[in-house]
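Below is one structure, written out as structure tokens; the observations come after it.
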Amino acid sequence: MTVLNNEVAGIFSRMADLLEIESDNVYRIRAYRNAARTIAGLPRSVSDMVESGESLDDLPGIGKDLAGKIQEIVETGTLSQLEELEKQTPPEVSELMKIPGLGGKRVAVLHRELGVSGVEDLREKARKGLIRDLEGFGKKTEKNILREIEEAGNDEGRINIFEAEENAEDLLKHLKKTKGIKDIMVAGSYRRRKETVGDLDILVSCRKDSGIIQALNKYDKVKRVVSTGKTKSTVILQSGLQVDLRKVPAVSYGAALHYFTGSKAHNIAVRRLGVKKGLKINEYGVFKGDERIAGQKEEDVYRQVDLPYIEPELRENDGEIEAAQKGRLPKLVTLDDLCGDLHVHTKETDGHNTLVEMAEAAGKKGYEYLAVTEHSKRVTMARGFDARKLEEQIKVIEEMNEKLEGVTLLKGIEVDILKDGSLDLPDGILRELDVVVCAVHYDRKLSKEEMTGRIMKAMDNPNFNILAHPTGRLINERAPYEVDLKKVVEKAKETGCFLEINAHPDRLDLCDRHCRMAKEAGVKLVISTDAHSTSDLAFMRFGVDQARRGWLEAEDVVNTRRLNDLRELLKR
């Protein structure tokens with residue numbers, strides 16, 4: 001059985017959670033969390049690395065001990081040390097760690113003092129007001145816990161696009177070994193590149209005697225076969241993800257791809273256009289009476305209702321039909337349009353690679369520039385820079401740029417926006433930089449009015465260039481802080497600031513709706529990875545997906561500009 005990177009990362013994250021509940025050494029806990037992040041972000045399979053005998057302890061943050069544990073997981077599918085830890089901690093208790101704001105110490109207190117045995121038990125005790133009197137909690141924390149439980153329930157069963165992609169690619173690799181396949185594709189919300197995915201819809205065109213159904217049912221990561229027949233099978237993977245596979249005749253493949261890609265609202269809108277022309281459109285084709293007149297290609301479905309092809313990312317019935325009718329569909333930004341990344345970290349703070357390694361990786365991607373944006377001093381856990389440390393790095397970058405070929409390092413910082421709206425470093429040092437990325441990391445529980453005012457005040461600082469991860473959310477983990485983004489967008493327009501689309505799949509912040517709002521207001525955006533390792537640079541594709549869902553074109557994105565044009569845009 002091939003063990004996926006996310007499965008290894010999940011085991012390390014669970015180790016960290018359980019060790020935190022046990023009040024273990026903080027550095028040991030951090031090592032597991034860092035290792036989980038490293039493995040989850042790798043562009044290559046650790047299973048393949050183990051099989052080929054490659055050294056795992058060369059990976060960022062992975063020493064010999066963790067390398068041995070990775071090998072054990074790959075070879076056995078589990079980790080004996082985790083099994084021992086799980087015997088000490090009830091699984092329902094460790095599940096509490098998934099609730100934002102509940103670290104291991106708080107979970108331990110809840111279990112010890114109130115006997116909390118799971119999420120539902122926690123909800124009940126919070127509703128009864130039993131949590132507020134515990135040391136380190138209070139009324140506000142109790143209220144936040146209830147809110148986080150309710151919001152977490154809204155995303156139940158959906159995983160982020162990166163995890164869905166890893167599952168989908170491994171499954172497709174397995175299925176493509178089957179003889180007789182002509183076309184195979186994952187449709188649904190996955191193809192529309194939504195930030196979370198609930199299931200995988202796979203469409204296959206193949207010979208009648210193809211064993212594709214049996215191939216799915218025998219896939220080594222299938223936990224349970226729900227139903228199976230001659231043309232369709234539904235299974236549940238060990239990850240919990242449901243997979244629906246359908247065999248589709250070649251003559252209907254395009255129509256089926258359109259139908260199962262969705263969204264439902266988009267499909268209904270297209271079908272209504274068909275009705276006006278006396279056509280019936282469904283997953284089997286486009287019919288005039290009993291005659292199928294189109295369906296083999298997706299483009300033909302649109303052509304029959306006088307529409308150009310509409311990219312999957314736009315199919316949400318949110319104006320794309322009307323735009324297509326008027327010839328105003330956007331020419332969506334692509335990964336190839338980007339000239340660089342404006343938000344990355346190195347080992348100098350909480351990154352895993354050196355400045356040289358990050359520069360080399362950017363060069364290999366064909367980037368013209370890379371902005372080095374370490375944390376500022378407020379982020380003590382990341383060993384954030386004070387003015388002196390930043391000055392030292394500025395000199396190092398200037399010296400490196402004299403030697404580097406093909407890529408230019410931009411001098412930057414990810415500076416904290418403090419509670420009062422001031423920036424975490426003096427204006428004097430910020431003026432020496434090429435780009436200043438500003439972010440909220442602390443004091444997240446302010447009211448909407450306070451948070452909005454805080455960010456808008458920071459934007460008045462003439463050194464402010466980019467608002468990083470503008471809502472602070474972590475998908476399926478942490479809700480966004482309260483902020484009036486309409487006012488923030490208006491302020492960005494007024495001051496000449498830009499908003500970031502943070503491409504990390506746990507963030508994807510801004511969301512697609514807010515990307516479009518910014519575009520319509522005339523505010524430009526930046527797609528950046530917030531990379532903490534060379535492998536994280538590959539996350540850029542998810543940021544581009546999000547930008548495309550937000551109707552963004554290359555001209556809407558700052559880092560599609562060549563270096564000289566970028567420098568002009570960054571001037572306030």
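So you can find residues: chains in the structure tokens are A, B, ... in the order shown, residues in each start at 1, and ligands are numbered from 1 in order.
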
Q.
Need to verify the contact set: Glu95 of chain A, 10 Å, only C-alpha atoms, exclusion of same-chain residues closer than 2 positions in sequence. Can you return it as a ChimeraX atom specification?
A. /A:14,17-18,90-93,97-99,107,117-119

(Q) Show me, as a ChimeraX atom specification, the residues that have an atom within 10 Å of segment 292-298 of chain A when counting only C-alpha atoms, minus same-chain residues fewer than 4 positions from it. (A) /A:249-259,279-288,302-304,309-310

Q: Just the strand (DSSP E or B) stuff from segment 227-419 of chain A, please, per backbone DSSP, written as a PyMOL selection string.
A: chain A and resi 227-228+232-237+242-247+280-282+285-288+291-294+332+340-344+369-372+375-376+385+408-417

Q: Could you please determine the separation between atom CA of His266 of chain A and atom CA of Arg315 of chain A in Å, to one decimal place?
A: 5.6 Å

Q: Within segment 445-542 of chain A, find each residue whose DSSP state, derived from the backbone, is alpha helix (DSSP H), and express the selection as a PyMOL selection string.
A: chain A and resi 448-459+485-495+512-520+540-542

**Q.** Contacts of Val8 of chain A at 8 Å (only C-alpha atoms; same-chain gap of 4+ positions) as a list in words
**A.**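 So, after excluding close chain neighbours, the residues are Val3, Leu4, Phe12, Ala36, Ile39, Ala40, Ile70, Ile73 and Val74 of chain A.
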
Just-selected residues, all heavy atoms written as an mmCIF file, in the first residue's frame:
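This went into part39.cif:
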data_model
loop_
_atom_site.group_PDB
_atom_site.id
_atom_site.type_symbol
_atom_site.label_atom_id
_atom_site.label_comp_id
_atom_site.auth_asym_id
_atom_site.auth_seq_id
_atom_site.Cartn_x
_atom_site.Cartn_y
_atom_site.Cartn_z
ATOM 1 N N VAL A 3 1.657 4.855 0.992
ATOM 2 C CA VAL A 3 1.262 5.794 2.046
ATOM 3 C C VAL A 3 1.443 7.207 1.507
ATOM 4 O O VAL A 3 2.520 7.579 1.044
ATOM 5 C CB VAL A 3 2.112 5.587 3.320
ATOM 6 C CG1 VAL A 3 1.763 6.632 4.367
ATOM 7 C CG2 VAL A 3 1.882 4.182 3.876
ATOM 8 N N LEU A 4 0.375 8.006 1.530
ATOM 9 C CA LEU A 4 0.415 9.367 1.006
ATOM 10 C C LEU A 4 1.108 10.308 1.987
ATOM 11 O O LEU A 4 1.124 10.070 3.204
ATOM 12 C CB LEU A 4 -1.002 9.876 0.727
ATOM 13 C CG LEU A 4 -1.847 9.051 -0.250
ATOM 14 C CD1 LEU A 4 -3.217 9.687 -0.433
ATOM 15 C CD2 LEU A 4 -1.154 8.903 -1.590
ATOM 16 N N PHE A 12 2.104 12.640 12.263
ATOM 17 C CA PHE A 12 2.984 13.543 13.022
ATOM 18 C C PHE A 12 2.178 14.633 13.734
ATOM 19 O O PHE A 12 2.476 15.005 14.874
ATOM 20 C CB PHE A 12 4.017 14.176 12.100
ATOM 21 C CG PHE A 12 5.173 13.266 11.771
ATOM 22 C CD1 PHE A 12 6.074 13.582 10.763
ATOM 23 C CD2 PHE A 12 5.377 12.086 12.466
ATOM 24 C CE1 PHE A 12 7.145 12.755 10.459
ATOM 25 C CE2 PHE A 12 6.437 11.242 12.185
ATOM 26 C CZ PHE A 12 7.321 11.576 11.173
ATOM 27 N N ALA A 36 5.422 17.679 10.146
ATOM 28 C CA ALA A 36 4.134 17.473 9.470
ATOM 29 C C ALA A 36 3.971 18.472 8.332
ATOM 30 O O ALA A 36 3.542 18.113 7.225
ATOM 31 C CB ALA A 36 2.985 17.621 10.472
ATOM 32 N N ILE A 39 6.414 17.517 5.380
ATOM 33 C CA ILE A 39 5.973 16.349 4.612
ATOM 34 C C ILE A 39 4.734 16.680 3.785
ATOM 35 O O ILE A 39 4.634 16.304 2.609
ATOM 36 C CB ILE A 39 5.688 15.151 5.543
ATOM 37 C CG1 ILE A 39 6.955 14.751 6.306
ATOM 38 C CG2 ILE A 39 5.141 13.965 4.750
ATOM 39 C CD1 ILE A 39 8.122 14.375 5.438
ATOM 40 N N ALA A 40 3.788 17.414 4.379
ATOM 41 C CA ALA A 40 2.555 17.755 3.662
ATOM 42 C C ALA A 40 2.839 18.608 2.432
ATOM 43 O O ALA A 40 2.121 18.530 1.437
ATOM 44 C CB ALA A 40 1.586 18.481 4.588
ATOM 45 N N ILE A 70 9.375 8.126 9.692
ATOM 46 C CA ILE A 70 8.738 8.188 8.377
ATOM 47 C C ILE A 70 8.859 6.834 7.679
ATOM 48 O O ILE A 70 7.892 6.321 7.102
ATOM 49 C CB ILE A 70 9.384 9.293 7.505
ATOM 50 C CG1 ILE A 70 9.088 10.675 8.095
ATOM 51 C CG2 ILE A 70 8.873 9.211 6.068
ATOM 52 C CD1 ILE A 70 9.865 11.796 7.451
ATOM 53 N N ILE A 73 6.391 4.418 9.125
ATOM 54 C CA ILE A 73 5.019 4.689 8.669
ATOM 55 C C ILE A 73 4.821 4.185 7.246
ATOM 56 O O ILE A 73 3.811 3.558 6.920
ATOM 57 C CB ILE A 73 4.719 6.196 8.755
ATOM 58 C CG1 ILE A 73 4.733 6.663 10.215
ATOM 59 C CG2 ILE A 73 3.359 6.508 8.126
ATOM 60 C CD1 ILE A 73 4.747 8.173 10.388
ATOM 61 N N VAL A 74 5.801 4.464 6.371
ATOM 62 C CA VAL A 74 5.700 4.054 4.969
ATOM 63 C C VAL A 74 5.658 2.531 4.856
ATOM 64 O O VAL A 74 4.897 1.966 4.054
ATOM 65 C CB VAL A 74 6.880 4.624 4.152
ATOM 66 C CG1 VAL A 74 6.968 3.968 2.775
ATOM 67 C CG2 VAL A 74 6.738 6.137 4.013
#
